[in-house]
file upload.csv (CSV, C-alpha atoms)
chain,number,residue,atom,x,y,z
A,1,MET,CA,-5.6,-43.3,-10.4
A,2,ALA,CA,-5.7,-43.9,-6.7
A,3,ALA,CA,-2.0,-43.6,-5.9
A,4,MET,CA,-0.9,-40.7,-8.1
A,5,SER,CA,1.9,-38.4,-7.1
A,6,PRO,CA,1.1,-34.7,-6.8
A,7,SER,CA,3.0,-33.9,-10.0
A,8,GLU,CA,1.0,-36.6,-11.9
A,9,ARG,CA,-2.3,-35.4,-10.4
A,10,ARG,CA,-1.5,-31.9,-11.7
A,11,LEU,CA,-0.4,-33.1,-15.1
A,12,GLN,CA,-3.5,-35.2,-15.4
A,13,LYS,CA,-5.7,-32.1,-14.7
A,14,GLU,CA,-3.7,-30.0,-17.1
A,15,LEU,CA,-4.0,-32.6,-19.8
A,16,MET,CA,-7.8,-32.8,-19.4
A,17,SER,CA,-8.2,-29.0,-19.6
A,18,LEU,CA,-5.8,-28.6,-22.5
A,19,MET,CA,-7.7,-31.3,-24.5
A,20,LYS,CA,-11.0,-29.8,-23.7
A,21,GLU,CA,-10.2,-26.1,-24.2
A,22,PRO,CA,-6.9,-25.7,-26.2
A,23,PRO,CA,-5.6,-22.3,-27.1
A,24,PRO,CA,-6.1,-21.5,-30.8
A,25,GLY,CA,-3.7,-23.4,-33.1
A,26,VAL,CA,-2.5,-25.7,-30.3
A,27,THR,CA,-3.3,-29.4,-30.0
A,28,VAL,CA,-1.8,-31.9,-27.6
A,29,ASP,CA,-1.2,-35.5,-28.4
A,30,GLY,CA,-3.6,-36.8,-25.7
A,31,ASP,CA,-3.0,-40.6,-26.2
A,32,GLN,CA,0.7,-40.3,-26.0
A,33,ALA,CA,0.6,-38.0,-23.0
A,34,SER,CA,-1.8,-40.2,-21.0
A,35,GLN,CA,0.4,-43.2,-21.6
A,36,ASN,CA,3.4,-41.3,-20.3
A,37,LEU,CA,2.5,-38.2,-18.3
A,38,THR,CA,6.1,-37.0,-18.2
A,39,LEU,CA,6.5,-36.6,-21.9
A,40,TRP,CA,4.1,-34.6,-24.0
A,41,THR,CA,4.0,-33.7,-27.7
A,42,VAL,CA,2.2,-30.5,-28.6
A,43,HIS,CA,1.4,-29.4,-32.2
A,44,MET,CA,1.3,-25.8,-33.0
A,45,GLU,CA,0.2,-23.8,-36.1
A,46,GLY,CA,1.6,-20.5,-37.1
A,47,VAL,CA,-0.9,-17.7,-36.4
A,48,PRO,CA,-2.6,-16.3,-39.6
A,49,GLY,CA,-1.3,-12.8,-40.4
A,50,THR,CA,2.1,-13.4,-38.9
A,51,LEU,CA,5.4,-14.5,-40.5
A,52,TYR,CA,4.7,-18.1,-39.5
A,53,GLU,CA,1.3,-18.3,-41.2
A,54,GLY,CA,0.6,-21.8,-42.5
A,55,GLU,CA,3.7,-23.4,-40.8
A,56,LYS,CA,3.3,-26.3,-38.4
A,57,PHE,CA,5.7,-26.9,-35.5
A,58,VAL,CA,6.0,-29.6,-32.9
A,59,LEU,CA,6.9,-28.9,-29.3
A,60,GLN,CA,8.1,-31.4,-26.7
A,61,PHE,CA,7.5,-31.1,-23.0
A,62,LYS,CA,9.5,-33.1,-20.5
A,63,PHE,CA,8.5,-33.0,-16.8
A,64,THR,CA,10.3,-34.2,-13.7
A,65,ASN,CA,8.6,-35.4,-10.5
A,66,LYS,CA,9.3,-32.0,-9.0
A,67,TYR,CA,6.8,-30.3,-11.5
A,68,PRO,CA,5.2,-27.8,-11.0
A,69,PHE,CA,8.0,-26.5,-8.7
A,70,ASP,CA,10.5,-27.3,-11.4
A,71,SER,CA,10.0,-26.0,-14.9
A,72,PRO,CA,9.3,-28.3,-17.8
A,73,GLU,CA,12.0,-28.9,-20.4
A,74,VAL,CA,10.5,-27.4,-23.6
A,75,THR,CA,12.1,-27.8,-27.1
A,76,PHE,CA,11.0,-27.7,-30.7
A,77,ILE,CA,11.4,-31.1,-32.4
A,78,GLY,CA,10.8,-32.5,-35.9
A,79,ASN,CA,11.8,-31.2,-39.3
A,80,ASN,CA,10.4,-27.7,-39.0
A,81,ILE,CA,12.1,-25.7,-36.3
A,82,PRO,CA,10.8,-22.1,-36.5
A,83,ILE,CA,13.4,-19.5,-37.7
A,84,HIS,CA,13.3,-17.0,-34.9
A,85,PRO,CA,15.9,-14.9,-33.1
A,86,HIS,CA,15.2,-16.8,-29.9
A,87,VAL,CA,15.0,-20.3,-31.3
A,88,TYR,CA,18.2,-22.2,-32.0
A,89,SER,CA,18.4,-24.6,-34.9
A,90,ASN,CA,18.5,-27.6,-32.5
A,91,GLY,CA,15.1,-26.6,-31.1
A,92,HIS,CA,16.3,-24.9,-27.9
A,93,ILE,CA,14.2,-21.8,-26.9
A,94,CYS,CA,15.6,-18.8,-25.1
A,95,LEU,CA,12.6,-17.8,-23.0
A,96,SER,CA,12.9,-16.7,-19.4
A,97,ILE,CA,9.8,-18.4,-18.1
A,98,LEU,CA,11.3,-21.7,-19.0
A,99,THR,CA,14.1,-21.3,-16.4
A,100,ASP,CA,14.6,-18.2,-14.1
A,101,ASP,CA,11.1,-16.8,-14.3
A,102,TRP,CA,9.3,-20.1,-14.0
A,103,SER,CA,6.4,-20.1,-11.5
A,104,PRO,CA,4.3,-23.1,-10.4
A,105,ALA,CA,1.2,-21.0,-11.3
A,106,LEU,CA,2.3,-21.3,-15.0
A,107,SER,CA,1.1,-24.3,-17.0
A,108,VAL,CA,1.6,-26.1,-20.3
A,109,GLN,CA,-1.2,-23.9,-21.7
A,110,SER,CA,0.5,-20.6,-20.5
A,111,VAL,CA,3.9,-21.8,-21.9
A,112,CYS,CA,2.3,-22.6,-25.3
A,113,LEU,CA,0.6,-19.2,-25.3
A,114,SER,CA,4.0,-17.5,-24.5
A,115,ILE,CA,5.6,-19.3,-27.4
A,116,VAL,CA,2.8,-18.5,-29.8
A,117,SER,CA,3.1,-14.9,-28.8
A,118,MET,CA,6.9,-14.9,-29.1
A,119,LEU,CA,6.6,-16.2,-32.7
A,120,SER,CA,3.7,-13.9,-33.6
A,121,SER,CA,5.6,-10.7,-32.5
A,122,CYS,CA,8.6,-11.6,-34.7
A,123,LYS,CA,9.5,-8.9,-37.3
A,124,GLU,CA,12.3,-10.7,-39.2
A,125,LYS,CA,12.9,-14.4,-39.6
A,126,LYS,CA,16.5,-15.1,-38.6
A,127,ARG,CA,18.4,-17.4,-36.3
A,128,PRO,CA,20.1,-16.2,-33.1
A,129,PRO,CA,23.5,-14.5,-33.8
A,130,ASP,CA,25.4,-17.2,-31.9
A,131,ASN,CA,23.4,-20.1,-33.3
A,132,SER,CA,26.2,-22.2,-34.9
A,133,PHE,CA,28.5,-21.8,-31.8
A,134,TYR,CA,25.7,-22.6,-29.3
A,135,VAL,CA,24.4,-25.6,-31.2
A,136,LYS,CA,28.0,-27.1,-31.3
A,137,THR,CA,28.7,-26.6,-27.6
A,138,CYS,CA,25.4,-26.8,-25.7
A,139,ASN,CA,24.1,-29.5,-23.4
A,140,LYS,CA,21.3,-31.7,-24.7
A,141,ASN,CA,19.1,-30.3,-21.9
A,142,PRO,CA,18.3,-26.6,-22.5
A,143,LYS,CA,17.8,-26.1,-18.8
A,144,LYS,CA,21.5,-26.6,-18.3
A,145,THR,CA,22.3,-23.6,-20.4
A,146,LYS,CA,23.0,-20.4,-18.5
A,147,TRP,CA,20.6,-18.2,-20.6
A,148,TRP,CA,21.2,-14.6,-20.8
A,149,TYR,CA,17.9,-12.8,-21.3
A,150,HIS,CA,18.4,-9.4,-22.8
A,151,ASP,CA,16.0,-8.9,-25.6
A,152,ASP,CA,12.5,-8.1,-24.5
A,153,SER,CA,11.3,-6.8,-27.8
A,154,VAL,CA,10.4,-10.1,-29.5
B,155,MET,CA,-11.4,-36.4,-9.8
B,156,ALA,CA,-10.5,-34.8,-13.2
B,157,GLU,CA,-12.9,-37.3,-14.9
B,158,THR,CA,-15.8,-36.3,-12.8
B,159,SER,CA,-15.4,-32.6,-13.5
B,160,GLU,CA,-15.0,-33.5,-17.2
B,161,ALA,CA,-18.3,-35.5,-17.1
B,162,ARG,CA,-20.1,-32.7,-15.3
B,163,ALA,CA,-18.8,-30.2,-17.8
B,164,SER,CA,-20.0,-32.2,-20.8
B,165,ALA,CA,-23.4,-32.8,-19.1
B,166,SER,CA,-23.9,-29.1,-18.8
B,167,ALA,CA,-22.5,-28.3,-22.2
B,168,PRO,CA,-24.3,-26.3,-24.9
B,169,GLY,CA,-27.8,-25.3,-23.8
B,170,GLY,CA,-27.4,-27.0,-20.4
B,171,ASP,CA,-28.6,-25.4,-17.2
B,172,ALA,CA,-26.7,-22.3,-16.2
B,173,GLY,CA,-26.6,-23.5,-12.5
B,174,GLY,CA,-24.2,-26.3,-13.3
B,175,GLU,CA,-21.9,-24.0,-15.1
B,176,ASP,CA,-21.9,-21.6,-12.1
B,177,ASP,CA,-21.2,-24.4,-9.6
B,178,LYS,CA,-18.2,-25.5,-11.6
B,179,HIS,CA,-17.0,-21.9,-11.8
B,180,ASP,CA,-17.4,-21.5,-8.0
B,181,GLU,CA,-15.5,-24.7,-7.4
B,182,ARG,CA,-12.6,-23.5,-9.6
B,183,MET,CA,-12.6,-20.2,-7.6
B,184,LEU,CA,-11.3,-22.1,-4.6
B,185,GLU,CA,-8.6,-24.1,-6.3
B,186,CYS,CA,-5.0,-23.8,-5.2
B,187,ASN,CA,-3.0,-22.0,-7.8
B,188,ILE,CA,-0.2,-24.6,-7.6
B,189,CYS,CA,-1.8,-28.1,-7.4
B,190,LEU,CA,-5.1,-27.0,-9.1
B,191,ASP,CA,-7.0,-29.0,-6.5
B,192,THR,CA,-9.4,-27.5,-4.0
B,193,ALA,CA,-7.1,-25.7,-1.5
B,194,ARG,CA,-6.6,-27.6,1.7
B,195,ASP,CA,-5.0,-25.9,4.7
B,196,ALA,CA,-5.7,-22.8,2.7
B,197,VAL,CA,-3.8,-19.6,3.0
B,198,VAL,CA,-4.2,-16.4,1.0
B,199,SER,CA,-1.3,-14.0,0.2
B,200,MET,CA,-1.5,-10.3,0.7
B,201,CYS,CA,-1.9,-10.0,-3.1
B,202,GLY,CA,-5.1,-12.1,-2.8
B,203,HIS,CA,-3.9,-15.4,-4.3
B,204,LEU,CA,-5.1,-18.7,-2.8
B,205,PHE,CA,-2.8,-21.7,-2.1
B,206,CYS,CA,-2.6,-24.9,-0.1
B,207,TRP,CA,-0.1,-24.1,2.6
B,208,PRO,CA,1.9,-27.3,1.8
B,209,CYS,CA,2.1,-26.2,-1.8
B,210,LEU,CA,3.1,-22.6,-1.1
B,211,HIS,CA,5.6,-23.8,1.6
B,212,GLN,CA,7.3,-26.0,-0.9
B,213,TRP,CA,7.5,-23.2,-3.4
B,214,LEU,CA,9.1,-20.8,-0.8
B,215,GLU,CA,11.6,-23.5,0.0
B,216,THR,CA,12.4,-24.0,-3.7
B,217,ARG,CA,13.7,-20.5,-4.0
B,218,PRO,CA,14.5,-19.2,-0.5
B,219,SER,CA,16.4,-16.2,-1.8
B,220,ARG,CA,13.7,-15.0,-4.1
B,221,GLN,CA,10.3,-15.5,-2.5
B,222,VAL,CA,7.6,-14.3,-4.9
B,223,CYS,CA,3.9,-15.0,-5.4
B,224,PRO,CA,3.6,-17.7,-8.1
B,225,VAL,CA,0.7,-15.8,-9.7
B,226,CYS,CA,1.7,-12.1,-9.7
B,227,LYS,CA,5.4,-12.2,-8.5
B,228,ALA,CA,4.7,-9.8,-5.6
B,229,ALA,CA,7.0,-10.3,-2.6
B,230,ILE,CA,5.7,-13.0,-0.3
B,231,SER,CA,6.8,-14.8,2.8
B,232,ARG,CA,5.6,-17.1,5.6
B,233,ASP,CA,4.5,-14.1,7.7
B,234,LYS,CA,2.7,-12.4,4.8
B,235,VAL,CA,0.0,-15.0,4.3
B,236,ILE,CA,-3.3,-15.3,6.1
B,237,PRO,CA,-4.8,-18.7,7.0
B,238,LEU,CA,-8.4,-19.2,6.0
B,239,TYR,CA,-10.8,-21.0,8.4
B,240,GLY,CA,-14.1,-22.3,6.9
B,241,ARG,CA,-17.1,-23.2,9.1
B,242,GLY,CA,-16.6,-27.0,8.7
B,243,ASN,CA,-13.1,-26.6,10.1
B,244,THR,CA,-13.5,-27.6,13.8
B,245,LYS,CA,-10.0,-27.3,14.9
B,246,GLN,CA,-8.9,-23.8,14.1
B,247,GLU,CA,-5.3,-24.6,13.9
B,248,ASP,CA,-2.9,-22.4,11.9
B,249,PRO,CA,-2.0,-24.4,8.9
B,250,ARG,CA,1.4,-22.8,8.9
B,251,ASN,CA,2.2,-24.7,12.1
B,252,LYS,CA,1.7,-28.1,10.4
B,253,VAL,CA,4.7,-28.0,8.1
B,254,PRO,CA,7.8,-27.6,10.3
B,255,PRO,CA,9.0,-24.0,10.0
B,256,ARG,CA,12.4,-23.9,8.6
B,257,PRO,CA,15.2,-22.8,10.9
B,258,ALA,CA,16.1,-19.2,10.9
B,259,GLY,CA,19.3,-18.1,9.2
B,260,GLN,CA,22.3,-17.3,11.3
B,261,ARG,CA,24.9,-14.8,10.7
B,262,THR,CA,27.6,-13.2,12.8
B,263,GLU,CA,28.7,-9.6,12.6
B,264,PRO,CA,32.2,-9.1,11.2
B,265,GLU,CA,35.0,-8.2,13.7
B,266,ASN,CA,34.9,-4.6,14.7
B,267,THR,CA,38.1,-3.0,13.4
B,268,SER,CA,38.7,0.6,14.3
B,269,GLY,CA,39.4,2.9,11.5
B,270,PHE,CA,42.7,4.3,12.8
B,271,PRO,CA,45.1,2.0,14.6
B,272,GLY,CA,46.9,4.8,16.5
B,273,PHE,CA,50.5,5.1,17.5
B,274,GLY,CA,50.3,3.1,20.7
B,275,PHE,CA,49.2,6.0,22.9
B,276,GLY,CA,45.7,4.7,23.0
B,277,GLU,CA,42.6,6.7,22.7
B,278,GLY,CA,42.1,10.1,24.3
B,279,PHE,CA,45.6,11.5,23.6
B,280,HIS,CA,45.7,14.4,21.3
B,281,MET,CA,48.7,16.4,20.4
B,282,SER,CA,48.3,19.8,18.8
B,283,PHE,CA,50.8,22.3,17.7
B,284,GLY,CA,49.5,25.8,17.3
B,285,ILE,CA,51.0,27.9,14.6
B,286,GLY,CA,50.2,31.5,15.0
B,287,ALA,CA,51.4,34.9,16.2
B,288,PHE,CA,54.0,34.4,19.0
B,289,PRO,CA,52.5,34.1,22.4
B,290,PHE,CA,49.2,32.8,21.3
B,291,GLY,CA,50.7,29.9,19.5
B,292,VAL,CA,52.4,28.7,22.6
B,293,PHE,CA,49.3,29.2,24.7
B,294,THR,CA,47.2,27.2,22.3
B,295,SER,CA,49.5,24.2,22.4
B,296,THR,CA,49.9,24.4,26.1
B,297,PHE,CA,46.4,24.9,27.4
B,298,ASN,CA,44.7,22.4,25.1
B,299,PHE,CA,44.7,19.8,27.9
B,300,GLY,CA,42.0,21.5,29.7
B,301,ASP,CA,39.5,21.2,26.9
B,302,PRO,CA,36.8,18.6,27.0
B,303,ARG,CA,38.5,16.4,24.4
B,304,PRO,CA,36.9,13.0,23.8
B,305,SER,CA,37.6,10.4,26.5
B,306,ALA,CA,40.4,11.6,28.6
B,307,ALA,CA,42.0,8.7,30.4
B,308,PRO,CA,40.4,8.0,33.8
B,309,ARG,CA,42.4,9.0,36.9
B,310,GLY,CA,44.7,6.3,38.3
B,311,THR,CA,45.5,4.5,35.1
B,312,ALA,CA,48.9,4.3,33.6
B,313,GLN,CA,47.7,6.3,30.7
B,314,TYR,CA,46.5,9.1,33.0
B,315,ASP,CA,49.9,9.3,34.6
B,316,GLU,CA,51.6,9.4,31.2
B,317,GLU,CA,49.3,12.2,30.1
B,318,GLN,CA,50.0,14.2,33.3
B,319,PHE,CA,53.8,13.6,32.8
B,320,LEU,CA,53.6,14.8,29.2
B,321,SER,CA,51.5,17.8,30.2
B,322,LYS,CA,54.2,18.8,32.7
B,323,ILE,CA,57.0,18.4,30.2
B,324,PHE,CA,55.2,20.6,27.7
B,325,LEU,CA,54.5,23.2,30.4
B,326,TRP,CA,58.1,23.3,31.4
B,327,VAL,CA,59.3,23.5,27.8
B,328,ALA,CA,56.9,26.4,27.2
B,329,ILE,CA,58.1,28.2,30.4
B,330,LEU,CA,61.8,27.7,29.4
B,331,PHE,CA,61.0,29.0,25.9
B,332,VAL,CA,59.4,32.1,27.3
B,333,LEU,CA,62.2,32.7,29.7
B,334,TRP,CA,64.8,32.2,27.0
B,335,LEU,CA,63.0,34.8,24.8
B,336,ILE,CA,62.9,37.3,27.7
B,337,PHE,CA,66.6,36.9,28.8
B,338,ALA,CA,68.3,36.0,25.7
call {"tool": "encode", "arguments": {"input": "upload.csv", "output": "structure tokens"}}
result
Amino acid sequence: MAAMSPSERRLQKELMSLMKEPPPGVTVDGDQASQNLTLWTVHMEGVPGTLYEGEKFVLQFKFTNKYPFDSPEVTFIGNNIPIHPHVYSNGHICLSILTDDWSPALSVQSVCLSIVSMLSSCKEKKRPPDNSFYVKTCNKNPKKTKWWYHDDSV
Amino acid sequence: MAETSEARASASAPGGDAGGEDDKHDERMLECNICLDTARDAVVSMCGHLFCWPCLHQWLETRPSRQVCPVCKAAISRDKVIPLYGRGNTKQEDPRNKVPPRPAGQRTEPENTSGFPGFGFGEGFHMSFGIGAFPFGVFTSTFNFGDPRPSAAPRGTAQYDEEQFLSKIFLWVAILFVLWLIFA
């Protein structure tokens, strides 16, 4: 506790507040995160009244020691990857705040809220048009992808 | 640090005294928007957002080409933040001087190339041929040299001599032409 790096200090604070006051439908695996502050697992439930009602998803956050100046690596993991025009079947998410529009004032909580909102505003469940090509050719780290953000409607 | 605030929050949880809740809120008001600790060497942006200067400096260095406020994405720079001095702060030193300011960018202007390279006569020489009803055409071409054209060559240079020589040639050509018209 005494000799924590600035990124660990901030992650510790975020973990405490996320466990205490989580956004609706979001729960963080606190035990796992406190053992390894750089790898978090977040459980997410589909919001009632949306296309994803009743579904359960799992998000993985990976942090570097440059956090919060460097954005976290966020992917869906597990068996149930949401079918959404901005989510590839390998769990990669096309969301500008995860790369270009990242800001150190954002947090795990605000990223979770953005993803909940992205899912909730979806009108039609379908994969991105270039899904099969992207999944075959992409890097394991979604931050290495040169994302092209063009659809602000969902 | 985080555990103490946790303990305090649970102590003042449901039905607890409202004062504790207010204190906690006040404390959070003075947290840096980047490290989430109480801001040290505090600076505030023009858009009103509070940061530790070391935190904000590191963010500005992270994306030097696109310096925006982390909270509201307004344009921000080293010169557009105001240091905050509390009463307990004895040395009123600008926090911005603590982190070494980054060196200023350097760029040189491109070579100045003139738009028209010229034919070797240099600047200031203009040739004009008047086309018009007979005597006036000749007069326009001949007497142009008296006009205040841009930058006539200064007296004494080779260019001045050249221009005077050409001027005389044209004058003689004109005179011969007029004489030929009269006598022929």
call {"tool": "interface_residues", "arguments": {"input": "upload.csv", "of": "chain A", "to": "chain B", "cutoff": "9 Å", "atoms": "all atoms listed in the file", "output": "MDAnalysis selection string"}}
result
chainID A and resid 6:7 9:10 12:14 16:17 20 68:70 102:106
call {"tool": "closest_residue", "arguments": {"input": "upload.csv", "among": "A:Glu124, A:Asn65, A:Pro22, A:Leu51", "to": "Met4 of chain A", "atoms": "only C-alpha atoms"}}
result
A:Asn65
call {"tool": "closest_residue", "arguments": {"input": "upload.csv", "among": "B:Trp334, B:Phe324, B:Tyr239, B:Phe205", "to": "Glu185 of chain B", "atoms": "all atoms listed in the file"}}
result
B:Phe205
call {"tool": "residues_around", "arguments": {"input": "upload.csv", "residues": "Pro82 of chain A", "least_positions_apart": "6", "cutoff": "9 Å", "atoms": "all atoms listed in the file", "output": "MDAnalysis selection string"}}
result
chainID A and resid 52 55:57 76 88:89 91 119 125 127
call {"tool": "closest_residue", "arguments": {"input": "upload.csv", "among": "A:Met44, A:Cys122, A:Cys112, A:Leu95", "to": "Gly25 of chain A", "atoms": "all atoms listed in the file"}}
result
A:Met44
call {"tool": "atom_distance", "arguments": {"input": "upload.csv", "atom1": "atom CA of Thr38 of chain A", "atom2": "atom CA of Tyr67 of chain A"}}
result
9.5 Å
call {"tool": "decode", "arguments": {"input": "upload.csv", "residues": "segment 127-137 of chain A", "atoms": "all heavy atoms", "output": "PDB file, in the first residue's frame"}}
result
ATOM      1  N   ARG A 127     -23.863  -8.380 -36.770  1.00  0.00           N
ATOM      2  CA  ARG A 127     -22.417  -8.214 -36.660  1.00  0.00           C
ATOM      3  C   ARG A 127     -21.971  -7.087 -37.594  1.00  0.00           C
ATOM      4  O   ARG A 127     -22.659  -6.770 -38.561  1.00  0.00           O
ATOM      5  CB  ARG A 127     -21.710  -9.506 -37.060  1.00  0.00           C
ATOM      6  CG  ARG A 127     -21.906 -10.633 -36.062  1.00  0.00           C
ATOM      7  CD  ARG A 127     -20.825 -10.632 -35.012  1.00  0.00           C
ATOM      8  NE  ARG A 127     -21.025 -11.721 -34.070  1.00  0.00           N
ATOM      9  CZ  ARG A 127     -21.084 -11.573 -32.752  1.00  0.00           C
ATOM     10  NH1 ARG A 127     -20.982 -10.358 -32.236  1.00  0.00           N
ATOM     11  NH2 ARG A 127     -21.221 -12.593 -31.958  1.00  0.00           N
ATOM     12  N   PRO A 128     -20.781  -6.513 -37.339  1.00  0.00           N
ATOM     13  CA  PRO A 128     -20.274  -5.510 -38.290  1.00  0.00           C
ATOM     14  C   PRO A 128     -20.134  -6.119 -39.682  1.00  0.00           C
ATOM     15  O   PRO A 128     -19.872  -7.330 -39.799  1.00  0.00           O
ATOM     16  CB  PRO A 128     -18.897  -5.140 -37.718  1.00  0.00           C
ATOM     17  CG  PRO A 128     -18.925  -5.593 -36.307  1.00  0.00           C
ATOM     18  CD  PRO A 128     -19.855  -6.748 -36.240  1.00  0.00           C
ATOM     19  N   PRO A 129     -20.297  -5.318 -40.743  1.00  0.00           N
ATOM     20  CA  PRO A 129     -20.269  -5.868 -42.104  1.00  0.00           C
ATOM     21  C   PRO A 129     -18.941  -6.557 -42.455  1.00  0.00           C
ATOM     22  O   PRO A 129     -18.923  -7.516 -43.228  1.00  0.00           O
ATOM     23  CB  PRO A 129     -20.516  -4.649 -43.004  1.00  0.00           C
ATOM     24  CG  PRO A 129     -20.377  -3.453 -42.117  1.00  0.00           C
ATOM     25  CD  PRO A 129     -20.637  -3.892 -40.722  1.00  0.00           C
ATOM     26  N   ASP A 130     -17.818  -6.084 -41.857  1.00  0.00           N
ATOM     27  CA  ASP A 130     -16.519  -6.677 -42.198  1.00  0.00           C
ATOM     28  C   ASP A 130     -16.056  -7.672 -41.139  1.00  0.00           C
ATOM     29  O   ASP A 130     -14.873  -7.928 -41.006  1.00  0.00           O
ATOM     30  CB  ASP A 130     -15.482  -5.557 -42.363  1.00  0.00           C
ATOM     31  CG  ASP A 130     -15.382  -4.689 -41.114  1.00  0.00           C
ATOM     32  OD1 ASP A 130     -16.350  -4.674 -40.330  1.00  0.00           O
ATOM     33  OD2 ASP A 130     -14.342  -4.038 -40.907  1.00  0.00           O
ATOM     34  N   ASN A 131     -17.016  -8.266 -40.418  1.00  0.00           N
ATOM     35  CA  ASN A 131     -16.647  -9.092 -39.268  1.00  0.00           C
ATOM     36  C   ASN A 131     -15.698 -10.237 -39.626  1.00  0.00           C
ATOM     37  O   ASN A 131     -14.638 -10.367 -39.025  1.00  0.00           O
ATOM     38  CB  ASN A 131     -17.913  -9.643 -38.608  1.00  0.00           C
ATOM     39  CG  ASN A 131     -17.598 -10.429 -37.360  1.00  0.00           C
ATOM     40  OD1 ASN A 131     -17.041  -9.889 -36.417  1.00  0.00           O
ATOM     41  ND2 ASN A 131     -17.918 -11.703 -37.371  1.00  0.00           N
ATOM     42  N   SER A 132     -16.070 -11.051 -40.628  1.00  0.00           N
ATOM     43  CA  SER A 132     -15.269 -12.257 -40.866  1.00  0.00           C
ATOM     44  C   SER A 132     -13.852 -11.882 -41.316  1.00  0.00           C
ATOM     45  O   SER A 132     -12.881 -12.507 -40.894  1.00  0.00           O
ATOM     46  CB  SER A 132     -15.951 -13.153 -41.887  1.00  0.00           C
ATOM     47  OG  SER A 132     -16.255 -12.407 -43.039  1.00  0.00           O
ATOM     48  N   PHE A 133     -13.729 -10.830 -42.132  1.00  0.00           N
ATOM     49  CA  PHE A 133     -12.397 -10.414 -42.592  1.00  0.00           C
ATOM     50  C   PHE A 133     -11.568  -9.874 -41.423  1.00  0.00           C
ATOM     51  O   PHE A 133     -10.417 -10.252 -41.228  1.00  0.00           O
ATOM     52  CB  PHE A 133     -12.536  -9.340 -43.680  1.00  0.00           C
ATOM     53  CG  PHE A 133     -11.215  -8.840 -44.175  1.00  0.00           C
ATOM     54  CD1 PHE A 133     -10.431  -9.612 -45.009  1.00  0.00           C
ATOM     55  CD2 PHE A 133     -10.743  -7.584 -43.792  1.00  0.00           C
ATOM     56  CE1 PHE A 133      -9.210  -9.157 -45.463  1.00  0.00           C
ATOM     57  CE2 PHE A 133      -9.516  -7.121 -44.236  1.00  0.00           C
ATOM     58  CZ  PHE A 133      -8.749  -7.913 -45.074  1.00  0.00           C
ATOM     59  N   TYR A 134     -12.185  -9.023 -40.624  1.00  0.00           N
ATOM     60  CA  TYR A 134     -11.467  -8.419 -39.498  1.00  0.00           C
ATOM     61  C   TYR A 134     -10.990  -9.476 -38.513  1.00  0.00           C
ATOM     62  O   TYR A 134      -9.837  -9.473 -38.089  1.00  0.00           O
ATOM     63  CB  TYR A 134     -12.356  -7.386 -38.785  1.00  0.00           C
ATOM     64  CG  TYR A 134     -11.719  -6.823 -37.538  1.00  0.00           C
ATOM     65  CD1 TYR A 134     -10.706  -5.862 -37.636  1.00  0.00           C
ATOM     66  CD2 TYR A 134     -12.063  -7.279 -36.270  1.00  0.00           C
ATOM     67  CE1 TYR A 134     -10.091  -5.359 -36.501  1.00  0.00           C
ATOM     68  CE2 TYR A 134     -11.455  -6.786 -35.135  1.00  0.00           C
ATOM     69  CZ  TYR A 134     -10.462  -5.824 -35.256  1.00  0.00           C
ATOM     70  OH  TYR A 134      -9.839  -5.344 -34.132  1.00  0.00           O
ATOM     71  N   VAL A 135     -11.875 -10.399 -38.154  1.00  0.00           N
ATOM     72  CA  VAL A 135     -11.537 -11.407 -37.141  1.00  0.00           C
ATOM     73  C   VAL A 135     -10.373 -12.279 -37.619  1.00  0.00           C
ATOM     74  O   VAL A 135      -9.523 -12.701 -36.833  1.00  0.00           O
ATOM     75  CB  VAL A 135     -12.793 -12.241 -36.795  1.00  0.00           C
ATOM     76  CG1 VAL A 135     -12.454 -13.414 -35.912  1.00  0.00           C
ATOM     77  CG2 VAL A 135     -13.822 -11.360 -36.100  1.00  0.00           C
ATOM     78  N   LYS A 136     -10.304 -12.521 -38.944  1.00  0.00           N
ATOM     79  CA  LYS A 136      -9.207 -13.337 -39.481  1.00  0.00           C
ATOM     80  C   LYS A 136      -7.879 -12.583 -39.470  1.00  0.00           C
ATOM     81  O   LYS A 136      -6.822 -13.179 -39.318  1.00  0.00           O
ATOM     82  CB  LYS A 136      -9.536 -13.756 -40.917  1.00  0.00           C
ATOM     83  CG  LYS A 136     -10.125 -15.172 -41.000  1.00  0.00           C
ATOM     84  CD  LYS A 136     -10.325 -15.579 -42.446  1.00  0.00           C
ATOM     85  CE  LYS A 136     -11.709 -15.143 -42.912  1.00  0.00           C
ATOM     86  NZ  LYS A 136     -11.927 -15.339 -44.350  1.00  0.00           N
ATOM     87  N   THR A 137      -7.931 -11.246 -39.692  1.00  0.00           N
ATOM     88  CA  THR A 137      -6.684 -10.520 -39.930  1.00  0.00           C
ATOM     89  C   THR A 137      -6.223  -9.655 -38.770  1.00  0.00           C
ATOM     90  O   THR A 137      -5.112  -9.129 -38.815  1.00  0.00           O
ATOM     91  CB  THR A 137      -6.849  -9.594 -41.158  1.00  0.00           C
ATOM     92  OG1 THR A 137      -7.975  -8.765 -40.933  1.00  0.00           O
ATOM     93  CG2 THR A 137      -7.048 -10.392 -42.429  1.00  0.00           C
TER      94      THR A 137
END
